[in-house]
file data.cif (mmCIF, N, CA and C atoms)
data_start
loop_
_atom_site.group_PDB
_atom_site.id
_atom_site.type_symbol
_atom_site.label_atom_id
_atom_site.label_comp_id
_atom_site.auth_asym_id
_atom_site.auth_seq_id
_atom_site.Cartn_x
_atom_site.Cartn_y
_atom_site.Cartn_z
ATOM 1 N N MET A 1 -9.584 -63.993 -24.125
ATOM 2 C CA MET A 1 -9.407 -65.262 -23.436
ATOM 3 C C MET A 1 -9.924 -65.096 -22.008
ATOM 4 N N ASN A 2 -10.838 -65.981 -21.595
ATOM 5 C CA ASN A 2 -11.352 -65.896 -20.232
ATOM 6 C C ASN A 2 -10.395 -66.576 -19.254
ATOM 7 N N GLU A 3 -10.702 -66.461 -17.978
ATOM 8 C CA GLU A 3 -9.820 -66.996 -16.931
ATOM 9 C C GLU A 3 -9.605 -68.498 -17.078
ATOM 10 N N GLN A 4 -10.680 -69.225 -17.371
ATOM 11 C CA GLN A 4 -10.588 -70.677 -17.524
ATOM 12 C C GLN A 4 -9.681 -71.038 -18.698
ATOM 13 N N GLU A 5 -9.843 -70.368 -19.826
ATOM 14 C CA GLU A 5 -9.013 -70.630 -20.999
ATOM 15 C C GLU A 5 -7.551 -70.303 -20.724
ATOM 16 N N MET A 6 -7.305 -69.204 -19.996
ATOM 17 C CA MET A 6 -5.945 -68.805 -19.659
ATOM 18 C C MET A 6 -5.287 -69.852 -18.757
ATOM 19 N N LEU A 7 -6.009 -70.318 -17.767
ATOM 20 C CA LEU A 7 -5.482 -71.335 -16.861
ATOM 21 C C LEU A 7 -5.153 -72.612 -17.621
ATOM 22 N N ARG A 8 -6.054 -73.027 -18.497
ATOM 23 C CA ARG A 8 -5.813 -74.227 -19.303
ATOM 24 C C ARG A 8 -4.567 -74.057 -20.171
ATOM 25 N N ALA A 9 -4.407 -72.886 -20.775
ATOM 26 C CA ALA A 9 -3.248 -72.624 -21.628
ATOM 27 C C ALA A 9 -1.960 -72.680 -20.813
ATOM 28 N N LEU A 10 -1.956 -72.065 -19.625
ATOM 29 C CA LEU A 10 -0.769 -72.061 -18.767
ATOM 30 C C LEU A 10 -0.398 -73.463 -18.306
ATOM 31 N N MET A 11 -1.405 -74.292 -18.077
ATOM 32 C CA MET A 11 -1.166 -75.650 -17.599
ATOM 33 C C MET A 11 -0.985 -76.638 -18.749
ATOM 34 N N GLY A 12 -1.057 -76.142 -19.973
ATOM 35 C CA GLY A 12 -0.892 -77.018 -21.123
ATOM 36 C C GLY A 12 -2.079 -77.929 -21.352
ATOM 37 N N MET A 13 -3.236 -77.519 -20.865
ATOM 38 C CA MET A 13 -4.441 -78.336 -21.004
ATOM 39 C C MET A 13 -5.301 -77.773 -22.128
ATOM 40 N N SER A 14 -5.921 -78.652 -22.866
ATOM 41 C CA SER A 14 -6.839 -78.199 -23.906
ATOM 42 C C SER A 14 -8.270 -78.507 -23.467
ATOM 43 N N GLU A 15 -9.213 -77.862 -24.122
ATOM 44 C CA GLU A 15 -10.626 -78.138 -23.846
ATOM 45 C C GLU A 15 -10.904 -79.591 -24.193
ATOM 46 N N PRO A 16 -11.657 -80.296 -23.353
ATOM 47 C CA PRO A 16 -11.995 -81.676 -23.705
ATOM 48 C C PRO A 16 -12.876 -81.682 -24.953
ATOM 49 N N ASP A 17 -12.571 -82.593 -25.876
ATOM 50 C CA ASP A 17 -13.397 -82.666 -27.072
ATOM 51 C C ASP A 17 -14.615 -83.554 -26.807
ATOM 52 N N GLU A 18 -15.538 -83.554 -27.729
ATOM 53 C CA GLU A 18 -16.792 -84.298 -27.546
ATOM 54 C C GLU A 18 -16.563 -85.784 -27.331
ATOM 55 N N ALA A 19 -15.612 -86.368 -28.053
ATOM 56 C CA ALA A 19 -15.336 -87.800 -27.903
ATOM 57 C C ALA A 19 -14.829 -88.106 -26.492
ATOM 58 N N GLU A 20 -13.961 -87.244 -25.981
ATOM 59 C CA GLU A 20 -13.433 -87.424 -24.626
ATOM 60 C C GLU A 20 -14.548 -87.281 -23.589
ATOM 61 N N LEU A 21 -15.391 -86.270 -23.755
ATOM 62 C CA LEU A 21 -16.524 -86.080 -22.841
ATOM 63 C C LEU A 21 -17.447 -87.289 -22.865
ATOM 64 N N ARG A 22 -17.706 -87.830 -24.038
ATOM 65 C CA ARG A 22 -18.576 -89.008 -24.168
ATOM 66 C C ARG A 22 -17.971 -90.208 -23.436
ATOM 67 N N ARG A 23 -16.653 -90.420 -23.609
ATOM 68 C CA ARG A 23 -15.984 -91.536 -22.921
ATOM 69 C C ARG A 23 -16.096 -91.390 -21.405
ATOM 70 N N GLU A 24 -15.871 -90.173 -20.909
ATOM 71 C CA GLU A 24 -15.939 -89.944 -19.465
ATOM 72 C C GLU A 24 -17.365 -90.123 -18.943
ATOM 73 N N ARG A 25 -18.353 -89.686 -19.694
ATOM 74 C CA ARG A 25 -19.751 -89.880 -19.279
ATOM 75 C C ARG A 25 -20.107 -91.362 -19.270
ATOM 76 N N ASP A 26 -19.593 -92.104 -20.250
ATOM 77 C CA ASP A 26 -19.825 -93.553 -20.285
ATOM 78 C C ASP A 26 -19.196 -94.230 -19.069
ATOM 79 N N LYS A 27 -17.986 -93.802 -18.696
ATOM 80 C CA LYS A 27 -17.338 -94.353 -17.494
ATOM 81 C C LYS A 27 -18.203 -94.094 -16.263
ATOM 82 N N ALA A 28 -18.737 -92.878 -16.165
ATOM 83 C CA ALA A 28 -19.585 -92.529 -15.019
ATOM 84 C C ALA A 28 -20.830 -93.410 -14.995
ATOM 85 N N ARG A 29 -21.435 -93.638 -16.157
ATOM 86 C CA ARG A 29 -22.627 -94.506 -16.218
ATOM 87 C C ARG A 29 -22.299 -95.917 -15.741
ATOM 88 N N GLN A 30 -21.125 -96.414 -16.124
ATOM 89 C CA GLN A 30 -20.715 -97.751 -15.690
ATOM 90 C C GLN A 30 -20.478 -97.783 -14.179
ATOM 91 N N LEU A 31 -19.857 -96.745 -13.640
ATOM 92 C CA LEU A 31 -19.606 -96.695 -12.196
ATOM 93 C C LEU A 31 -20.905 -96.638 -11.397
ATOM 94 N N ARG A 32 -21.955 -96.046 -11.964
ATOM 95 C CA ARG A 32 -23.254 -95.991 -11.274
ATOM 96 C C ARG A 32 -23.823 -97.380 -11.012
ATOM 97 N N LYS A 33 -23.397 -98.357 -11.800
ATOM 98 C CA LYS A 33 -23.917 -99.724 -11.686
ATOM 99 C C LYS A 33 -23.136 -100.567 -10.682
ATOM 100 N N THR A 34 -22.102 -100.004 -10.089
ATOM 101 C CA THR A 34 -21.211 -100.796 -9.243
ATOM 102 C C THR A 34 -21.621 -100.799 -7.769
ATOM 103 N N ARG A 35 -21.103 -101.772 -7.078
ATOM 104 C CA ARG A 35 -21.292 -101.868 -5.626
ATOM 105 C C ARG A 35 -20.714 -100.622 -4.943
ATOM 106 N N TRP A 36 -19.591 -100.119 -5.457
ATOM 107 C CA TRP A 36 -18.963 -98.921 -4.897
ATOM 108 C C TRP A 36 -19.969 -97.770 -4.856
ATOM 109 N N TRP A 37 -20.693 -97.535 -5.957
ATOM 110 C CA TRP A 37 -21.654 -96.434 -5.994
ATOM 111 C C TRP A 37 -22.834 -96.712 -5.064
ATOM 112 N N GLN A 38 -23.268 -97.956 -4.985
ATOM 113 C CA GLN A 38 -24.353 -98.307 -4.055
ATOM 114 C C GLN A 38 -23.958 -97.955 -2.626
ATOM 115 N N GLN A 39 -22.720 -98.243 -2.274
ATOM 116 C CA GLN A 39 -22.245 -97.927 -0.925
ATOM 117 C C GLN A 39 -22.125 -96.416 -0.712
ATOM 118 N N LYS A 40 -21.677 -95.693 -1.739
ATOM 119 C CA LYS A 40 -21.538 -94.231 -1.631
ATOM 120 C C LYS A 40 -22.887 -93.548 -1.429
ATOM 121 N N THR A 41 -23.939 -94.132 -1.979
ATOM 122 C CA THR A 41 -25.258 -93.500 -1.943
ATOM 123 C C THR A 41 -26.187 -94.103 -0.896
ATOM 124 N N ALA A 42 -25.735 -95.123 -0.197
ATOM 125 C CA ALA A 42 -26.603 -95.839 0.746
ATOM 126 C C ALA A 42 -27.192 -94.932 1.819
ATOM 127 N N SER A 43 -26.451 -93.930 2.243
ATOM 128 C CA SER A 43 -26.943 -93.044 3.302
ATOM 129 C C SER A 43 -28.010 -92.082 2.791
ATOM 130 N N GLY A 44 -28.059 -91.894 1.471
ATOM 131 C CA GLY A 44 -29.024 -90.960 0.896
ATOM 132 C C GLY A 44 -28.679 -89.508 1.156
ATOM 133 N N GLU A 45 -27.418 -89.255 1.513
ATOM 134 C CA GLU A 45 -26.988 -87.908 1.914
ATOM 135 C C GLU A 45 -26.214 -87.200 0.809
ATOM 136 N N CYS A 46 -26.515 -85.924 0.620
ATOM 137 C CA CYS A 46 -25.817 -85.091 -0.360
ATOM 138 C C CYS A 46 -24.422 -84.754 0.165
ATOM 139 N N TRP A 47 -23.432 -84.946 -0.658
ATOM 140 C CA TRP A 47 -22.046 -84.684 -0.283
ATOM 141 C C TRP A 47 -21.811 -83.199 -0.033
ATOM 142 N N TYR A 48 -22.551 -82.338 -0.718
ATOM 143 C CA TYR A 48 -22.334 -80.896 -0.607
ATOM 144 C C TYR A 48 -23.088 -80.261 0.557
ATOM 145 N N CYS A 49 -24.389 -80.463 0.623
ATOM 146 C CA CYS A 49 -25.183 -79.755 1.637
ATOM 147 C C CYS A 49 -25.488 -80.619 2.861
ATOM 148 N N GLY A 50 -25.269 -81.932 2.751
ATOM 149 C CA GLY A 50 -25.487 -82.823 3.879
ATOM 150 C C GLY A 50 -26.931 -83.242 4.102
ATOM 151 N N LYS A 51 -27.842 -82.773 3.263
ATOM 152 C CA LYS A 51 -29.254 -83.145 3.426
ATOM 153 C C LYS A 51 -29.463 -84.610 3.089
ATOM 154 N N LYS A 52 -30.338 -85.242 3.856
ATOM 155 C CA LYS A 52 -30.745 -86.618 3.566
ATOM 156 C C LYS A 52 -31.917 -86.541 2.601
ATOM 157 N N VAL A 53 -31.684 -86.936 1.357
ATOM 158 C CA VAL A 53 -32.729 -86.851 0.339
ATOM 159 C C VAL A 53 -33.162 -88.223 -0.155
ATOM 160 N N GLY A 54 -32.490 -89.267 0.288
ATOM 161 C CA GLY A 54 -32.810 -90.620 -0.145
ATOM 162 C C GLY A 54 -32.068 -90.993 -1.416
ATOM 163 N N TYR A 55 -31.812 -92.269 -1.541
ATOM 164 C CA TYR A 55 -31.039 -92.803 -2.660
ATOM 165 C C TYR A 55 -31.593 -92.360 -4.011
ATOM 166 N N ALA A 56 -32.899 -92.468 -4.188
ATOM 167 C CA ALA A 56 -33.533 -92.175 -5.481
ATOM 168 C C ALA A 56 -33.390 -90.714 -5.893
ATOM 169 N N ASN A 57 -33.142 -89.836 -4.942
ATOM 170 C CA ASN A 57 -33.037 -88.406 -5.244
ATOM 171 C C ASN A 57 -31.601 -87.905 -5.312
ATOM 172 N N LEU A 58 -30.648 -88.831 -5.321
ATOM 173 C CA LEU A 58 -29.244 -88.444 -5.449
ATOM 174 C C LEU A 58 -28.803 -88.548 -6.904
ATOM 175 N N THR A 59 -27.931 -87.649 -7.296
ATOM 176 C CA THR A 59 -27.317 -87.701 -8.618
ATOM 177 C C THR A 59 -25.818 -87.899 -8.436
ATOM 178 N N MET A 60 -25.155 -88.271 -9.507
ATOM 179 C CA MET A 60 -23.704 -88.416 -9.487
ATOM 180 C C MET A 60 -23.111 -87.103 -9.981
ATOM 181 N N ASP A 61 -22.210 -86.529 -9.202
ATOM 182 C CA ASP A 61 -21.588 -85.269 -9.596
ATOM 183 C C ASP A 61 -20.080 -85.431 -9.693
ATOM 184 N N HIS A 62 -19.505 -84.795 -10.690
ATOM 185 C CA HIS A 62 -18.053 -84.709 -10.823
ATOM 186 C C HIS A 62 -17.599 -83.508 -9.995
ATOM 187 N N VAL A 63 -16.804 -83.743 -8.962
ATOM 188 C CA VAL A 63 -16.315 -82.651 -8.114
ATOM 189 C C VAL A 63 -15.596 -81.627 -8.990
ATOM 190 N N VAL A 64 -14.646 -82.095 -9.783
ATOM 191 C CA VAL A 64 -14.051 -81.257 -10.825
ATOM 192 C C VAL A 64 -14.789 -81.641 -12.104
ATOM 193 N N PRO A 65 -15.609 -80.746 -12.621
ATOM 194 C CA PRO A 65 -16.451 -81.075 -13.773
ATOM 195 C C PRO A 65 -15.652 -81.518 -15.004
ATOM 196 N N LEU A 66 -16.274 -82.368 -15.805
ATOM 197 C CA LEU A 66 -15.636 -82.818 -17.039
ATOM 198 C C LEU A 66 -15.229 -81.633 -17.903
ATOM 199 N N SER A 67 -16.075 -80.627 -17.946
ATOM 200 C CA SER A 67 -15.794 -79.450 -18.774
ATOM 201 C C SER A 67 -14.605 -78.644 -18.269
ATOM 202 N N ARG A 68 -14.180 -78.932 -17.032
ATOM 203 C CA ARG A 68 -13.042 -78.217 -16.442
ATOM 204 C C ARG A 68 -11.831 -79.142 -16.291
ATOM 205 N N GLY A 69 -11.865 -80.275 -16.998
ATOM 206 C CA GLY A 69 -10.719 -81.182 -16.990
ATOM 207 C C GLY A 69 -10.835 -82.344 -16.025
ATOM 208 N N GLY A 70 -11.966 -82.470 -15.330
ATOM 209 C CA GLY A 70 -12.171 -83.579 -14.410
ATOM 210 C C GLY A 70 -12.355 -84.896 -15.147
ATOM 211 N N ARG A 71 -12.277 -85.978 -14.414
ATOM 212 C CA ARG A 71 -12.426 -87.321 -14.978
ATOM 213 C C ARG A 71 -13.487 -88.084 -14.200
ATOM 214 N N SER A 72 -13.950 -89.162 -14.804
ATOM 215 C CA SER A 72 -14.923 -90.036 -14.147
ATOM 216 C C SER A 72 -14.173 -91.108 -13.374
ATOM 217 N N THR A 73 -13.591 -90.691 -12.252
ATOM 218 C CA THR A 73 -12.856 -91.596 -11.374
ATOM 219 C C THR A 73 -13.509 -91.567 -9.998
ATOM 220 N N LYS A 74 -13.296 -92.620 -9.239
ATOM 221 C CA LYS A 74 -13.942 -92.726 -7.925
ATOM 222 C C LYS A 74 -13.605 -91.557 -7.011
ATOM 223 N N ASP A 75 -12.417 -91.007 -7.147
ATOM 224 C CA ASP A 75 -12.047 -89.887 -6.273
ATOM 225 C C ASP A 75 -12.603 -88.547 -6.755
ATOM 226 N N ASN A 76 -13.273 -88.536 -7.906
ATOM 227 C CA ASN A 76 -13.844 -87.292 -8.427
ATOM 228 C C ASN A 76 -15.368 -87.358 -8.545
ATOM 229 N N LEU A 77 -15.968 -88.425 -8.058
ATOM 230 C CA LEU A 77 -17.421 -88.590 -8.154
ATOM 231 C C LEU A 77 -18.040 -88.650 -6.766
ATOM 232 N N VAL A 78 -19.085 -87.869 -6.566
ATOM 233 C CA VAL A 78 -19.774 -87.845 -5.275
ATOM 234 C C VAL A 78 -21.283 -87.837 -5.497
ATOM 235 N N PRO A 79 -22.022 -88.383 -4.521
ATOM 236 C CA PRO A 79 -23.483 -88.291 -4.597
ATOM 237 C C PRO A 79 -23.937 -86.916 -4.122
ATOM 238 N N CYS A 80 -24.854 -86.322 -4.848
ATOM 239 C CA CYS A 80 -25.390 -85.037 -4.402
ATOM 240 C C CYS A 80 -26.854 -84.912 -4.793
ATOM 241 N N CYS A 81 -27.538 -84.045 -4.069
ATOM 242 C CA CYS A 81 -28.954 -83.828 -4.351
ATOM 243 C C CYS A 81 -29.094 -83.078 -5.676
ATOM 244 N N LYS A 82 -30.243 -83.200 -6.265
ATOM 245 C CA LYS A 82 -30.488 -82.560 -7.563
ATOM 246 C C LYS A 82 -30.350 -81.046 -7.464
ATOM 247 N N ASP A 83 -30.757 -80.487 -6.338
ATOM 248 C CA ASP A 83 -30.676 -79.037 -6.153
ATOM 249 C C ASP A 83 -29.220 -78.559 -6.192
ATOM 250 N N CYS A 84 -28.348 -79.222 -5.428
ATOM 251 C CA CYS A 84 -26.929 -78.834 -5.423
ATOM 252 C C CYS A 84 -26.295 -79.068 -6.791
ATOM 253 N N ASN A 85 -26.614 -80.186 -7.430
ATOM 254 C CA ASN A 85 -26.030 -80.482 -8.733
ATOM 255 C C ASN A 85 -26.424 -79.421 -9.754
ATOM 256 N N THR A 86 -27.668 -78.999 -9.720
ATOM 257 C CA THR A 86 -28.142 -77.964 -10.642
ATOM 258 C C THR A 86 -27.447 -76.636 -10.369
ATOM 259 N N LYS A 87 -27.302 -76.294 -9.099
ATOM 260 C CA LYS A 87 -26.667 -75.020 -8.745
ATOM 261 C C LYS A 87 -25.163 -75.030 -9.010
ATOM 262 N N LYS A 88 -24.515 -76.168 -8.761
ATOM 263 C CA LYS A 88 -23.062 -76.242 -8.913
ATOM 264 C C LYS A 88 -22.640 -76.120 -10.370
ATOM 265 N N GLN A 89 -23.389 -76.697 -11.266
ATOM 266 C CA GLN A 89 -23.077 -76.668 -12.700
ATOM 267 C C GLN A 89 -21.622 -77.040 -12.943
ATOM 268 N N SER A 90 -20.833 -76.142 -13.495
ATOM 269 C CA SER A 90 -19.440 -76.465 -13.821
ATOM 270 C C SER A 90 -18.450 -75.747 -12.907
ATOM 271 N N LEU A 91 -18.890 -75.446 -11.690
ATOM 272 C CA LEU A 91 -17.995 -74.772 -10.743
ATOM 273 C C LEU A 91 -16.957 -75.741 -10.193
ATOM 274 N N LEU A 92 -15.771 -75.224 -9.949
ATOM 275 C CA LEU A 92 -14.733 -75.982 -9.261
ATOM 276 C C LEU A 92 -15.039 -75.964 -7.767
ATOM 277 N N PRO A 93 -14.454 -76.882 -6.989
ATOM 278 C CA PRO A 93 -14.739 -76.919 -5.552
ATOM 279 C C PRO A 93 -14.538 -75.580 -4.845
ATOM 280 N N VAL A 94 -13.477 -74.856 -5.149
ATOM 281 C CA VAL A 94 -13.229 -73.574 -4.486
ATOM 282 C C VAL A 94 -14.299 -72.550 -4.868
ATOM 283 N N GLU A 95 -14.754 -72.588 -6.112
ATOM 284 C CA GLU A 95 -15.806 -71.674 -6.551
ATOM 285 C C GLU A 95 -17.136 -72.027 -5.893
ATOM 286 N N TRP A 96 -17.409 -73.313 -5.771
ATOM 287 C CA TRP A 96 -18.642 -73.781 -5.136
ATOM 288 C C TRP A 96 -18.638 -73.416 -3.657
ATOM 289 N N ALA A 97 -17.508 -73.599 -2.982
ATOM 290 C CA ALA A 97 -17.408 -73.260 -1.557
ATOM 291 C C ALA A 97 -17.670 -71.773 -1.349
ATOM 292 N N SER A 98 -17.122 -70.952 -2.217
ATOM 293 C CA SER A 98 -17.339 -69.508 -2.128
ATOM 294 C C SER A 98 -18.817 -69.179 -2.319
ATOM 295 N N TYR A 99 -19.452 -69.829 -3.269
ATOM 296 C CA TYR A 99 -20.881 -69.635 -3.532
ATOM 297 C C TYR A 99 -21.708 -70.025 -2.302
ATOM 298 N N MET A 100 -21.401 -71.172 -1.714
ATOM 299 C CA MET A 100 -22.153 -71.645 -0.547
ATOM 300 C C MET A 100 -21.951 -70.710 0.648
ATOM 301 N N GLN A 101 -20.743 -70.176 0.826
ATOM 302 C CA GLN A 101 -20.490 -69.240 1.922
ATOM 303 C C GLN A 101 -21.324 -67.983 1.766
ATOM 304 N N ARG A 102 -21.437 -67.496 0.545
ATOM 305 C CA ARG A 102 -22.264 -66.308 0.307
ATOM 306 C C ARG A 102 -23.726 -66.603 0.633
ATOM 307 N N LEU A 103 -24.200 -67.785 0.276
ATOM 308 C CA LEU A 103 -25.588 -68.149 0.576
ATOM 309 C C LEU A 103 -25.830 -68.226 2.079
ATOM 310 N N ASP A 104 -24.841 -68.750 2.784
ATOM 311 C CA ASP A 104 -24.966 -68.908 4.234
ATOM 312 C C ASP A 104 -24.689 -67.612 4.985
ATOM 313 N N GLY A 105 -24.255 -66.579 4.272
ATOM 314 C CA GLY A 105 -23.950 -65.310 4.921
ATOM 315 C C GLY A 105 -22.627 -65.316 5.649
ATOM 316 N N ARG A 106 -21.768 -66.317 5.338
ATOM 317 C CA ARG A 106 -20.486 -66.424 6.025
ATOM 318 C C ARG A 106 -19.365 -65.708 5.302
ATOM 319 N N GLY A 107 -19.596 -65.353 4.044
ATOM 320 C CA GLY A 107 -18.503 -64.747 3.285
ATOM 321 C C GLY A 107 -18.950 -63.479 2.609
ATOM 322 N N GLY A 108 -18.020 -62.815 1.983
ATOM 323 C CA GLY A 108 -18.332 -61.567 1.316
ATOM 324 C C GLY A 108 -18.358 -61.751 -0.110
#
call {"tool": "encode", "arguments": {"input": "data.cif", "output": "structure tokens"}}
result
Amino acid sequence: MNEQEMLRALMGMSEPDEAELRRERDKARQLRKTRWWQQKTASGECWYCGKKVGYANLTMDHVVPLSRGGRSTKDNLVPCCKDCNTKKQSLLPVEWASYMQRLDGRGG
């Protein structure tokens, strides 16, 4: 059992099944069409690295990934550049912060 599976077991959480993942992805697609998302992306700035990449180059990211129990809710969705989204993959915020610190030479 890996660390993620152990944590899920301790918290009484199960792996999201395909139907649940599909529902959450559909919710995210619907939220992309809303005024709320237009306002979130209007600055064209990546939530993670702060780079201005323009609206067209932003993706929607789940701060807590669906695969890690996250949901498609406004408080869990942020605009980010394609580079950060690709690098973040299914990392949790604390794991991503640690990764970014290592890249910046701020952490061990």
call {"tool": "resolve_selection", "arguments": {"input": "data.cif", "expression": "the PyMOL selection byres ((chain A and resi 47-60) around 6)", "output": "PDB file with N, CA and C atoms, keeping the file's coordinate frame"}}
result
ATOM      1  N   THR A  41     -23.939 -94.132  -1.979  1.00  0.00           N
ATOM      2  CA  THR A  41     -25.258 -93.500  -1.943  1.00  0.00           C
ATOM      3  C   THR A  41     -26.187 -94.103  -0.896  1.00  0.00           C
ATOM      4  N   SER A  43     -26.451 -93.930   2.243  1.00  0.00           N
ATOM      5  CA  SER A  43     -26.943 -93.044   3.302  1.00  0.00           C
ATOM      6  C   SER A  43     -28.010 -92.082   2.791  1.00  0.00           C
ATOM      7  N   GLY A  44     -28.059 -91.894   1.471  1.00  0.00           N
ATOM      8  CA  GLY A  44     -29.024 -90.960   0.896  1.00  0.00           C
ATOM      9  C   GLY A  44     -28.679 -89.508   1.156  1.00  0.00           C
ATOM     10  N   GLU A  45     -27.418 -89.255   1.513  1.00  0.00           N
ATOM     11  CA  GLU A  45     -26.988 -87.908   1.914  1.00  0.00           C
ATOM     12  C   GLU A  45     -26.214 -87.200   0.809  1.00  0.00           C
ATOM     13  N   CYS A  46     -26.515 -85.924   0.620  1.00  0.00           N
ATOM     14  CA  CYS A  46     -25.817 -85.091  -0.360  1.00  0.00           C
ATOM     15  C   CYS A  46     -24.422 -84.754   0.165  1.00  0.00           C
ATOM     16  N   ASP A  61     -22.210 -86.529  -9.202  1.00  0.00           N
ATOM     17  CA  ASP A  61     -21.588 -85.269  -9.596  1.00  0.00           C
ATOM     18  C   ASP A  61     -20.080 -85.431  -9.693  1.00  0.00           C
ATOM     19  N   HIS A  62     -19.505 -84.795 -10.690  1.00  0.00           N
ATOM     20  CA  HIS A  62     -18.053 -84.709 -10.823  1.00  0.00           C
ATOM     21  C   HIS A  62     -17.599 -83.508  -9.995  1.00  0.00           C
ATOM     22  N   VAL A  78     -19.085 -87.869  -6.566  1.00  0.00           N
ATOM     23  CA  VAL A  78     -19.774 -87.845  -5.275  1.00  0.00           C
ATOM     24  C   VAL A  78     -21.283 -87.837  -5.497  1.00  0.00           C
ATOM     25  N   PRO A  79     -22.022 -88.383  -4.521  1.00  0.00           N
ATOM     26  CA  PRO A  79     -23.483 -88.291  -4.597  1.00  0.00           C
ATOM     27  C   PRO A  79     -23.937 -86.916  -4.122  1.00  0.00           C
ATOM     28  N   CYS A  80     -24.854 -86.322  -4.848  1.00  0.00           N
ATOM     29  CA  CYS A  80     -25.390 -85.037  -4.402  1.00  0.00           C
ATOM     30  C   CYS A  80     -26.854 -84.912  -4.793  1.00  0.00           C
ATOM     31  N   CYS A  81     -27.538 -84.045  -4.069  1.00  0.00           N
ATOM     32  CA  CYS A  81     -28.954 -83.828  -4.351  1.00  0.00           C
ATOM     33  C   CYS A  81     -29.094 -83.078  -5.676  1.00  0.00           C
ATOM     34  N   LYS A  82     -30.243 -83.200  -6.265  1.00  0.00           N
ATOM     35  CA  LYS A  82     -30.488 -82.560  -7.563  1.00  0.00           C
ATOM     36  C   LYS A  82     -30.350 -81.046  -7.464  1.00  0.00           C
TER      37      LYS A  82
END
call {"tool": "resolve_selection", "arguments": {"input": "data.cif", "expression": "the PyMOL selection byres (((chain A and resi 75 and name CA) around 12) and name CA)", "output": "PyMOL selection string"}}
result
chain A and resi 28+31+36-37+40+61-64+70-74+76-79
call {"tool": "select_by_dssp", "arguments": {"input": "data.cif", "residues": "chain A", "states": "helix (DSSP H, G or I)", "output": "PyMOL selection string"}}
result
chain A and resi 3-10+18-32+35-41+55-57+66-68+74-76+82-88+93-104
call {"tool": "atom_distance", "arguments": {"input": "data.cif", "atom1": "atom C of Arg32 (chain A)", "atom2": "atom N of Pro65 (chain A)"}}
result
18.6 Å
call {"tool": "atom_distance", "arguments": {"input": "data.cif", "atom1": "atom N of Gln39 (chain A)", "atom2": "atom C of Leu21 (chain A)"}}
result
23.9 Å
call {"tool": "closest_residue", "arguments": {"input": "data.cif", "among": "A:Arg23, A:Glu15, A:Ala42, A:Arg68", "to": "Leu91 (chain A)", "atoms": "only C-alpha atoms"}}
result
A:Arg68
call {"tool": "atom_distance", "arguments": {"input": "data.cif", "atom1": "atom C of Asp104 (chain A)", "atom2": "atom C of Leu92 (chain A)"}}
result
18.0 Å
call {"tool": "select_by_dssp", "arguments": {"input": "data.cif", "residues": "chain A", "states": "strand (DSSP E or B)", "output": "list in words"}}
result
Glu45, Lys52, Leu58, Thr59, Met60, Asp61, His62, Leu77, Val78, Pro79, Cys80 and Cys81 of chain A
call {"tool": "write_last_selection", "arguments": {"input": "data.cif", "atoms": "N, CA and C atoms", "output": "JSON list (two decimals), in the frame of the given file"}}
result
[["chain", "number", "residue", "atom", "x", "y", "z"],
["A", 45, "GLU", "N", -27.42, -89.26, 1.51],
["A", 45, "GLU", "CA", -26.99, -87.91, 1.91],
["A", 45, "GLU", "C", -26.21, -87.20, 0.81],
["A", 52, "LYS", "N", -30.34, -85.24, 3.86],
["A", 52, "LYS", "CA", -30.74, -86.62, 3.57],
["A", 52, "LYS", "C", -31.92, -86.54, 2.60],
["A", 58, "LEU", "N", -30.65, -88.83, -5.32],
["A", 58, "LEU", "CA", -29.24, -88.44, -5.45],
["A", 58, "LEU", "C", -28.80, -88.55, -6.90],
["A", 59, "THR", "N", -27.93, -87.65, -7.30],
["A", 59, "THR", "CA", -27.32, -87.70, -8.62],
["A", 59, "THR", "C", -25.82, -87.90, -8.44],
["A", 60, "MET", "N", -25.16, -88.27, -9.51],
["A", 60, "MET", "CA", -23.70, -88.42, -9.49],
["A", 60, "MET", "C", -23.11, -87.10, -9.98],
["A", 61, "ASP", "N", -22.21, -86.53, -9.20],
["A", 61, "ASP", "CA", -21.59, -85.27, -9.60],
["A", 61, "ASP", "C", -20.08, -85.43, -9.69],
["A", 62, "HIS", "N", -19.50, -84.80, -10.69],
["A", 62, "HIS", "CA", -18.05, -84.71, -10.82],
["A", 62, "HIS", "C", -17.60, -83.51, -9.99],
["A", 77, "LEU", "N", -15.97, -88.42, -8.06],
["A", 77, "LEU", "CA", -17.42, -88.59, -8.15],
["A", 77, "LEU", "C", -18.04, -88.65, -6.77],
["A", 78, "VAL", "N", -19.08, -87.87, -6.57],
["A", 78, "VAL", "CA", -19.77, -87.84, -5.28],
["A", 78, "VAL", "C", -21.28, -87.84, -5.50],
["A", 79, "PRO", "N", -22.02, -88.38, -4.52],
["A", 79, "PRO", "CA", -23.48, -88.29, -4.60],
["A", 79, "PRO", "C", -23.94, -86.92, -4.12],
["A", 80, "CYS", "N", -24.85, -86.32, -4.85],
["A", 80, "CYS", "CA", -25.39, -85.04, -4.40],
["A", 80, "CYS", "C", -26.85, -84.91, -4.79],
["A", 81, "CYS", "N", -27.54, -84.04, -4.07],
["A", 81, "CYS", "CA", -28.95, -83.83, -4.35],
["A", 81, "CYS", "C", -29.09, -83.08, -5.68]]
